[in-house]
file run_6.txt (compact mmCIF, C-alpha atoms)
# COMPACT_ATOMS: atom_id res chain seq x y z
CA MET A 119 -10.66 10.66 7.40
CA GLN A 120 -8.20 11.27 4.57
CA GLU A 121 -8.17 14.67 2.92
CA ALA A 122 -9.19 13.27 -0.50
CA THR A 123 -12.17 11.49 1.10
CA PHE A 124 -13.17 14.64 2.97
CA LEU A 125 -13.00 16.70 -0.23
CA ILE A 126 -15.01 14.17 -2.28
CA LEU A 127 -17.76 14.13 0.37
CA THR A 128 -17.65 17.96 0.48
CA ALA A 129 -18.03 18.08 -3.32
CA LEU A 130 -21.12 15.86 -3.06
CA ALA A 131 -22.57 17.86 -0.15
CA GLY A 132 -23.65 20.53 -2.65
CA GLY A 133 -25.71 18.03 -4.67
CA SER A 134 -25.18 14.95 -6.83
CA GLN A 135 -22.18 15.00 -9.21
CA HIS A 136 -20.64 12.74 -11.83
CA GLY A 137 -17.00 11.58 -11.66
CA TYR A 138 -15.47 14.25 -13.89
CA ALA A 139 -17.37 17.02 -12.06
CA ILE A 140 -16.13 15.68 -8.68
CA ILE A 141 -12.50 16.05 -9.89
CA GLY A 142 -13.22 19.67 -10.85
CA GLN A 143 -15.04 20.43 -7.59
CA VAL A 144 -12.29 18.91 -5.45
CA ALA A 145 -9.69 21.01 -7.31
CA ALA A 146 -11.84 24.14 -6.78
CA ILE A 147 -12.53 23.47 -3.07
CA SER A 148 -8.84 22.82 -2.35
CA GLU A 149 -7.82 25.83 -4.50
CA GLY A 150 -5.98 23.61 -6.97
CA ARG A 151 -3.92 21.76 -4.33
CA VAL A 152 -5.63 18.37 -4.71
CA ARG A 153 -5.95 17.09 -8.26
CA LEU A 154 -7.55 13.66 -8.14
CA ARG A 155 -6.66 11.18 -10.85
CA ALA A 156 -9.25 8.78 -12.21
CA GLY A 157 -7.75 5.68 -10.55
CA THR A 158 -7.61 7.36 -7.12
CA LEU A 159 -11.13 8.78 -7.51
CA TYR A 160 -12.74 5.45 -8.42
CA THR A 161 -10.90 3.55 -5.68
CA ALA A 162 -12.26 6.13 -3.21
CA LEU A 163 -15.79 6.08 -4.69
CA ASP A 164 -15.84 2.28 -4.53
CA ARG A 165 -14.83 2.35 -0.85
CA LEU A 166 -17.30 5.13 0.04
CA ARG A 167 -20.11 3.18 -1.63
CA ALA A 168 -19.14 0.02 0.25
CA ASP A 169 -19.17 2.00 3.51
CA GLY A 170 -22.61 3.42 2.68
CA LEU A 171 -21.44 7.06 2.73
CA ILE A 172 -22.40 7.72 -0.91
CA ASP A 173 -24.75 6.10 -3.40
CA VAL A 174 -25.50 6.21 -7.12
CA ASP A 175 -28.09 8.90 -7.80
CA ARG A 176 -28.76 8.36 -11.53
CA GLU A 177 -27.08 7.51 -14.82
CA GLU A 178 -27.04 9.51 -18.05
CA VAL A 179 -25.49 8.98 -21.46
CA VAL A 180 -23.80 12.11 -22.85
CA ASP A 181 -21.98 11.91 -26.23
CA ASN A 182 -22.23 8.11 -26.09
CA ARG A 183 -20.40 8.12 -22.75
CA LEU A 184 -21.83 6.89 -19.48
CA ARG A 185 -22.18 9.45 -16.70
CA ARG A 186 -23.00 8.14 -13.26
CA TYR A 187 -24.10 10.69 -10.67
CA TYR A 188 -23.25 10.11 -7.02
CA ARG A 189 -24.96 11.60 -3.98
CA LEU A 190 -24.25 11.76 -0.26
CA THR A 191 -26.28 9.31 1.87
CA PRO A 192 -27.66 10.54 5.26
CA GLU A 193 -24.87 8.52 6.93
CA GLY A 194 -22.32 10.24 4.66
CA GLY A 195 -23.76 13.63 5.62
CA HIS A 196 -23.45 12.84 9.33
CA ARG A 197 -19.86 11.65 8.95
CA LEU A 198 -18.88 14.72 6.92
CA ALA A 199 -20.53 17.05 9.45
CA ALA A 200 -18.73 15.34 12.35
CA GLU A 201 -15.37 15.53 10.56
CA ALA A 202 -15.91 19.18 9.59
CA ALA A 203 -16.79 20.06 13.21
CA ARG A 204 -13.65 18.27 14.44
CA LEU A 205 -11.42 20.10 11.94
CA GLN A 206 -13.06 23.42 12.78
CA ALA A 207 -12.54 22.89 16.52
CA ASN A 208 -8.86 22.07 15.92
CA ALA A 209 -8.38 25.08 13.64
CA HIS A 210 -10.05 27.36 16.20
CA ALA A 211 -7.83 26.07 18.98
CA ALA A 212 -4.72 26.63 16.86
CA LEU A 213 -5.73 30.18 15.88
CA ARG A 214 -6.70 31.09 19.44
CA ARG A 215 -3.29 30.07 20.71
CA LEU A 216 -1.43 31.76 17.85
CA ASN A 217 -3.56 34.90 18.07
CA PRO A 218 -1.80 36.90 20.84
CA ARG A 219 1.66 36.35 19.35
CA ARG A 220 1.36 36.23 15.56
CA LEU A 221 -2.02 37.32 14.35
CA ASN A 222 -1.98 40.59 16.30
CA PRO A 223 1.70 41.53 16.53
CA GLY A 224 0.82 45.22 17.11
CA LEU A 225 -1.37 44.49 20.11
CA GLY A 226 1.34 45.24 22.65
CA VAL A 227 1.91 48.74 21.24
CA ILE A 228 -1.68 49.93 21.71
CA MET B 46 -15.83 23.13 -36.04
CA ALA B 47 -13.02 25.27 -34.61
CA ASP B 48 -9.52 23.80 -34.71
CA TRP B 49 -7.72 24.38 -31.41
CA SER B 50 -4.46 22.72 -32.42
CA PRO B 51 -1.37 24.93 -31.98
CA ALA B 52 0.02 26.69 -35.06
CA GLY B 53 2.66 24.63 -36.86
CA ALA B 54 1.15 21.32 -35.70
CA PRO B 55 -2.13 21.20 -37.55
CA TYR B 56 -4.31 18.30 -36.49
CA SER B 57 -7.14 17.40 -38.79
CA VAL B 58 -10.42 16.20 -37.34
CA SER B 59 -9.60 12.63 -38.41
CA ASP B 60 -6.12 12.89 -36.80
CA ARG B 61 -7.74 13.84 -33.55
CA ALA B 62 -10.30 11.06 -33.83
CA SER B 63 -7.55 8.48 -34.37
CA ALA B 64 -5.46 9.91 -31.49
CA SER B 65 -8.50 9.70 -29.23
CA ALA B 66 -9.24 6.11 -30.33
CA GLN B 67 -5.61 5.13 -29.71
CA LEU B 68 -5.67 6.80 -26.28
CA GLU B 69 -8.91 5.02 -25.37
CA ARG B 70 -7.36 1.66 -26.28
CA GLY B 71 -4.39 2.51 -24.04
CA TYR B 72 -6.70 3.34 -21.12
CA ARG B 73 -8.75 0.19 -21.68
CA ARG B 74 -5.58 -1.93 -21.55
CA LEU B 75 -4.77 -0.42 -18.12
CA VAL B 76 -8.32 -0.75 -16.75
CA ARG B 77 -8.17 -4.46 -17.59
CA TYR B 78 -5.99 -4.98 -14.50
CA TYR B 79 -8.91 -4.10 -12.18
CA PRO B 80 -10.99 -6.93 -10.66
CA ARG B 81 -13.82 -8.14 -12.87
CA SER B 82 -16.61 -7.06 -10.52
CA PHE B 83 -15.26 -3.50 -10.51
CA ARG B 84 -14.80 -3.43 -14.29
CA GLN B 85 -18.33 -4.60 -14.98
CA GLN B 86 -19.73 -1.66 -13.05
CA ASN B 87 -17.21 1.09 -13.71
CA THR B 88 -15.20 0.61 -16.94
CA GLU B 89 -17.24 2.88 -19.24
CA GLU B 90 -17.46 5.58 -16.61
CA ILE B 91 -13.77 5.57 -15.73
CA ILE B 92 -12.82 5.62 -19.45
CA ALA B 93 -15.10 8.65 -19.94
CA VAL B 94 -13.40 10.48 -17.04
CA LEU B 95 -9.91 9.56 -18.29
CA LEU B 96 -10.71 10.85 -21.80
CA ALA B 97 -12.25 14.03 -20.38
CA THR B 98 -9.12 14.77 -18.32
CA ALA B 99 -6.66 13.93 -21.16
CA ARG B 100 -4.63 16.64 -22.89
CA PRO B 101 -5.80 17.61 -26.41
CA GLY B 102 -4.03 15.42 -28.99
CA GLN B 103 -2.76 12.97 -26.33
CA ARG B 104 -2.14 9.54 -27.86
CA HIS B 105 -0.91 7.46 -24.93
CA PRO B 106 -1.72 7.29 -21.22
CA SER B 107 0.92 9.34 -19.34
CA PRO B 108 3.24 7.48 -16.94
CA ALA B 109 1.50 9.21 -14.01
CA GLU B 110 -1.94 8.09 -15.24
CA ALA B 111 -0.68 4.55 -15.79
CA ALA B 112 0.89 4.46 -12.31
CA ASP B 113 -2.32 5.76 -10.73
CA LEU B 114 -4.48 3.16 -12.49
CA LEU B 115 -2.10 0.28 -11.74
CA ARG B 116 -1.87 1.33 -8.10
CA GLY B 117 -5.66 1.43 -7.84
CA ALA B 118 -5.91 -2.00 -9.49
CA ALA B 119 -3.27 -3.47 -7.14
CA ARG B 120 -5.03 -2.06 -4.07
CA MET B 121 -8.36 -3.51 -5.17
CA ARG B 122 -6.89 -6.90 -6.12
CA LEU B 123 -5.16 -7.14 -2.74
CA GLY B 124 -8.41 -6.12 -1.03
CA LEU B 125 -6.74 -3.01 0.37
CA SER B 126 -9.06 -0.40 -1.12
CA ARG B 127 -11.65 -0.75 1.66
CA CYS B 128 -9.54 -1.48 4.71
CA PRO B 129 -8.63 0.99 7.48
CA ARG B 130 -5.20 2.60 7.46
CA SER B 131 -3.94 0.47 10.35
CA VAL B 132 -4.57 -2.72 8.35
CA LEU B 133 -3.14 -1.12 5.22
CA TYR B 134 0.09 -0.29 7.08
CA ALA B 135 0.19 -3.77 8.64
CA VAL B 136 -0.12 -5.40 5.21
CA ARG B 137 2.56 -3.13 3.76
CA LEU B 138 4.83 -4.08 6.67
CA MET B 139 4.19 -7.75 5.92
CA TYR B 140 5.26 -7.32 2.29
CA LEU B 141 8.30 -5.47 3.64
CA GLY B 142 8.83 -8.46 5.96
CA ALA B 143 8.97 -10.79 2.95
CA LEU B 144 11.58 -8.48 1.39
CA ALA B 145 13.60 -8.31 4.62
CA GLU B 146 13.44 -12.09 4.89
CA ALA B 147 14.88 -12.38 1.38
CA ALA B 148 17.60 -9.85 2.31
CA LYS B 149 18.37 -11.86 5.46
CA LEU B 150 18.75 -15.01 3.36
CA ALA B 151 21.10 -13.15 1.01
CA CYS B 152 23.17 -11.92 4.01
CA LEU B 153 23.41 -15.44 5.35
CA LEU B 154 24.56 -16.88 2.02
CA LEU B 155 27.07 -14.06 1.53
CA SER B 156 28.59 -14.68 4.99
CA LEU B 157 28.92 -18.42 4.29
CA GLY B 158 32.72 -18.17 3.91
CA THR B 159 33.08 -16.35 7.25
CA LEU B 160 30.85 -18.89 9.00
CA ARG B 161 32.83 -21.85 7.62
CA ALA B 162 36.18 -20.32 8.59
CA ALA B 163 34.95 -19.52 12.11
CA ALA B 164 33.54 -23.04 12.62
CA ARG B 165 36.83 -24.54 11.40
CA ALA B 166 38.88 -22.29 13.68
CA THR B 167 36.71 -23.23 16.69
CA ALA B 168 36.97 -26.97 15.88
CA ILE B 169 40.76 -26.84 15.48
CA GLY B 170 41.15 -24.65 18.58
CA SER B 171 39.30 -27.24 20.67
CA LEU B 172 41.86 -29.92 19.79
CA GLY B 173 44.55 -28.39 22.03
CA PRO B 174 47.90 -26.70 21.33
CA HIS B 175 49.60 -29.38 19.15
CA PRO B 176 46.96 -31.44 17.29
CA ALA B 177 47.83 -34.31 14.98
CA PRO B 178 47.30 -33.53 11.23
CA ALA B 179 44.72 -36.35 10.94
CA ALA B 180 42.69 -34.92 13.87
CA VAL B 181 42.79 -31.45 12.25
CA ALA B 182 41.50 -32.87 8.96
CA ARG B 183 38.68 -34.76 10.74
CA ALA B 184 37.68 -31.70 12.83
CA THR B 185 37.65 -29.49 9.70
CA ALA B 186 35.42 -31.93 7.82
CA GLU B 187 33.03 -32.29 10.77
CA ALA B 188 32.79 -28.50 11.20
CA GLY B 189 32.05 -28.18 7.46
CA THR B 190 29.22 -30.74 7.67
CA VAL B 191 27.68 -29.07 10.72
CA VAL B 192 27.73 -25.63 9.05
CA SER B 193 26.28 -27.05 5.79
CA THR B 194 23.41 -28.75 7.66
CA ASP B 195 22.70 -25.56 9.62
CA ILE B 196 22.74 -23.44 6.46
CA THR B 197 20.47 -25.84 4.53
CA ALA B 198 17.95 -25.73 7.38
CA GLU B 199 18.20 -21.93 7.47
CA VAL B 200 17.60 -21.59 3.71
CA ALA B 201 14.58 -23.91 3.84
CA LEU B 202 13.14 -22.00 6.82
CA SER B 203 13.75 -18.65 5.13
CA LEU B 204 11.98 -19.73 1.93
CA ALA B 205 9.04 -21.02 3.97
CA ALA B 206 9.01 -17.75 5.94
CA ILE B 207 8.91 -15.66 2.72
CA GLY B 208 5.92 -17.72 1.57
CA CYS B 209 4.20 -17.23 4.96
CA TRP B 210 4.75 -13.45 4.92
CA LEU B 211 3.28 -13.12 1.42
CA PHE B 212 0.28 -15.34 2.17
CA LEU B 213 -0.49 -13.64 5.49
CA ALA B 214 -0.16 -10.17 3.92
CA TRP B 215 -2.66 -11.15 1.23
CA ALA B 216 -5.11 -12.87 3.59
CA ASN B 217 -5.02 -10.11 6.21
CA GLY B 218 -5.53 -7.51 3.47
CA ARG B 219 -8.77 -9.30 2.65
CA GLY B 220 -9.84 -9.11 6.30
CA SER B 221 -9.74 -12.82 7.08
CA PRO B 222 -10.03 -13.28 10.89
CA PRO B 223 -8.16 -16.66 10.93
CA ALA B 224 -5.30 -15.04 8.98
CA ARG B 225 -4.96 -12.45 11.73
CA GLY B 226 -4.81 -15.15 14.41
CA VAL B 227 -2.24 -17.13 12.40
CA ALA B 228 -0.17 -13.95 11.92
CA VAL B 229 -0.06 -13.29 15.68
CA VAL B 230 0.84 -16.91 16.54
CA ALA B 231 3.46 -17.03 13.75
CA CYS B 232 4.95 -13.76 14.98
CA ALA B 233 5.22 -15.09 18.53
CA PHE B 234 6.92 -18.28 17.30
CA TYR B 235 9.21 -16.32 15.05
CA THR B 236 10.29 -13.99 17.83
CA GLY B 237 11.02 -16.98 20.05
CA PHE B 238 12.94 -18.69 17.27
CA SER B 239 14.99 -15.56 16.54
CA LEU B 240 15.86 -15.26 20.22
CA LEU B 241 16.91 -18.92 20.32
CA VAL B 242 19.11 -18.65 17.24
CA LEU B 243 20.73 -15.52 18.56
CA ALA B 244 21.24 -17.09 21.97
CA LYS B 245 22.90 -20.11 20.36
CA GLY B 246 25.41 -17.70 18.88
CA ASP B 247 26.56 -19.71 15.81
CA LEU B 248 25.36 -17.07 13.42
CA MET B 249 26.46 -14.05 15.39
CA ILE B 250 29.74 -13.71 13.54
CA ASP B 251 28.44 -11.42 10.81
CA PRO B 252 26.77 -8.27 12.20
CA ALA B 253 24.69 -8.02 8.98
CA VAL B 254 22.98 -11.32 9.82
CA VAL B 255 22.20 -10.15 13.35
CA ILE B 256 20.78 -6.84 12.09
CA ALA B 257 18.71 -8.68 9.47
CA PHE B 258 17.29 -11.04 12.13
CA TRP B 259 16.23 -8.20 14.41
CA THR B 260 14.82 -6.17 11.49
CA VAL B 261 12.58 -9.04 10.39
CA THR B 262 11.47 -9.71 13.97
CA ALA B 263 10.70 -6.02 14.59
CA ILE B 264 8.67 -5.80 11.36
CA GLY B 265 6.63 -8.83 12.41
CA ILE B 266 5.89 -7.43 15.87
CA ALA B 267 4.94 -4.01 14.44
CA ALA B 268 2.58 -5.61 11.88
CA CYS B 269 0.88 -7.70 14.58
CA VAL B 270 0.42 -4.66 16.84
CA LEU B 271 -1.22 -2.80 13.94
CA LEU B 272 -3.53 -5.76 13.28
CA LEU B 273 -4.56 -5.87 16.93
CA ILE B 274 -5.18 -2.18 17.66
CA ARG B 275 -8.75 -0.93 18.04
CA GLN B 276 -8.96 0.69 14.57
CA SER B 277 -8.38 -2.69 12.88
CA TRP B 278 -11.10 -4.64 14.70
CA PRO B 279 -14.16 -3.60 12.68
CA TYR B 280 -12.47 -4.71 9.43
CA PHE B 281 -12.00 -8.24 10.76
CA ASP B 282 -15.52 -8.35 12.24
CA ARG B 283 -17.33 -7.63 8.97
CA PRO B 284 -19.16 -10.44 7.18
CA VAL B 285 -17.19 -11.73 4.16
CA THR B 286 -19.91 -10.73 1.68
CA ALA B 287 -19.63 -7.06 2.62
CA ARG B 288 -16.09 -6.78 1.23
call {"tool": "encode", "arguments": {"input": "run_6.txt", "output": "structure tokens"}}
result
Amino acid sequence: MQEATFLILTALAGGSQHGYAIIGQVAAISEGRVRLRAGTLYTALDRLRADGLIDVDREEVVDNRLRRYYRLTPEGGHRLAAEAARLQANAHAALRRLNPRRLNPGLGVI
Amino acid sequence: MADWSPAGAPYSVSDRASASAQLERGYRRLVRYYPRSFRQQNTEEIIAVLLATARPGQRHPSPAEAADLLRGAARMRLGLSRCPRSVLYAVRLMYLGALAEAAKLACLLLSLGTLRAAARATAIGSLGPHPAPAAVARATAEAGTVVSTDITAEVALSLAAIGCWLFLAWANGRGSPPARGVAVVACAFYTGFSLLVLAKGDLMIDPAVVIAFWTVTAIGIAACVLLLIRQSWPYFDRPVTAR
């Protein structure tokens, strides 16, 4: 799963969001590292909808502009959970191996 | 209403309205490149997001925004927005193959002089140590004809190959199962043909031609491997309507 896809699904895991809000959420989750542009976002949303990972929740009109809210489908939730578990396992393995040498450099002194 | 324009560049409300209208027209022009089915569902929404993320007072889409929209439109038009990475890379390799094929053709045409001279030298050399002037003239002419025929065939084949690369890239990007089969068969033939040409040795005079041949062959094999690996299978197994 690409990072942008992972972050979009993560943004939607907290509840349904419209396109502009997803861009903001993704920037917040990634601490400003990933700034999605509209073209990239809608290509990804189109693919995720085709794959059945997200769906349209509702539509609203605000200031004469259409706002479409997207939500995670159960399938999308499962896929995100599986990917998150995989990333967490990898991160744990990396930290466990780094731990004796780098994370606790003073350990040998005690 | 508060005016947030910077000091020294006062924008009136109507200025801002006209800038926004101009910007929206710019965005709409770019969104027009997306496929119709996508536009019907998403145009108003994507325009709203673009306007919401625009800088205050912006009048034109920025080059980065334009590039992002055009890239998205190209990916969707080529059917690449929904395919797995392995297929995406395979299709990119196939477009690269078309480019390499064109470069190979250019190399061949540029080395035409070298090829002619070498063919002439071989023909004259085969006549023995002291050939008659008439025999030399005849051998030179014959060598010239042979090289011209070879080159014409090569150019025709190269042009056909460029067309094949482009068509197969497009069709495989759309997930057509027959296109994948054709790509694999064509790649096998092409590899065989390249080996034959190289074994024949006529064209081995210019190293650039040899390198170009092997580059194109390697690109074809790599693309076929990517199309055949496990990650690509589901994309070619899906019903056409699901794309």
call {"tool": "interface_residues", "arguments": {"input": "run_6.txt", "of": "chain B", "to": "chain A", "cutoff": "12 Å", "atoms": "all atoms listed in the file", "output": "number ranges by chain"}}
result
B: 72, 75-76, 78-80, 82-84, 86-99, 106-107, 109-122, 124-130, 279-280, 283, 286-288
call {"tool": "closest_residue", "arguments": {"input": "run_6.txt", "among": "B:Ser65, B:Tyr134, B:Ala188, B:Val261", "to": "B:Thr167", "atoms": "all atoms listed in the file"}}
result
B:Ala188
call {"tool": "closest_residue", "arguments": {"input": "run_6.txt", "among": "B:Val227, B:Ala163, B:Leu271, B:Leu150", "to": "B:Ala198", "atoms": "all atoms listed in the file"}}
result
B:Leu150
call {"tool": "atom_distance", "arguments": {"input": "run_6.txt", "atom1": "atom CA of B:Arg100", "atom2": "atom CA of A:Ala131"}}
result
29.0 Å
call {"tool": "atom_distance", "arguments": {"input": "run_6.txt", "atom1": "atom CA of B:Ile196", "atom2": "atom CA of B:Leu157"}}
result
8.3 Å
call {"tool": "atom_distance", "arguments": {"input": "run_6.txt", "atom1": "atom CA of A:Ala122", "atom2": "atom CA of A:Val144"}}
result
8.1 Å
call {"tool": "residues_around", "arguments": {"input": "run_6.txt", "residues": "B:Gly158", "least_positions_apart": "3", "cutoff": "12 Å", "atoms": "all atoms listed in the file", "output": "ChimeraX atom specification"}}
result
/B:152-155,161-165,189,192-193,196,250-251
call {"tool": "residues_around", "arguments": {"input": "run_6.txt", "residues": "A:Gln143", "least_positions_apart": "3", "cutoff": "10 Å", "atoms": "all atoms listed in the file", "output": "JSON, numbers by chain"}}
result
{"A": [125, 126, 128, 129, 130, 132, 135, 137, 138, 139, 140, 146, 147, 148, 149, 150, 153]}
call {"tool": "residues_around", "arguments": {"input": "run_6.txt", "residues": "B:Trp215", "least_positions_apart": "2", "cutoff": "10 Å", "atoms": "all atoms listed in the file", "output": "list in words"}}
result
Arg122, Leu123, Gly124, Leu125, Val136, Arg137, Met139, Tyr140, Cys209, Trp210, Leu211, Phe212, Leu213, Asn217, Gly218, Arg219, Gly220, Ser221 and Ala224 of chain B
call {"tool": "residues_around", "arguments": {"input": "run_6.txt", "residues": "B:Ile264", "least_positions_apart": "5", "cutoff": "10 Å", "atoms": "only C-alpha atoms", "output": "number ranges by chain"}}
result
B: 135, 138-143, 145, 232, 259, 269-270
call {"tool": "residues_near_point", "arguments": {"input": "run_6.txt", "point": "(-31.0, 14.0, -0.5)", "cutoff": "10 Å", "atoms": "all atoms listed in the file", "output": "PyMOL selection string"}}
result
chain A and resi 131+133-134+175+189-192+195
call {"tool": "residues_around", "arguments": {"input": "run_6.txt", "residues": "B:Pro252", "least_positions_apart": "4", "cutoff": "10 Å", "atoms": "only C-alpha atoms", "output": "list of chain:residue names"}}
result
B:Cys152, B:Ser156, B:Leu248, B:Ile256, B:Ala257, B:Phe258
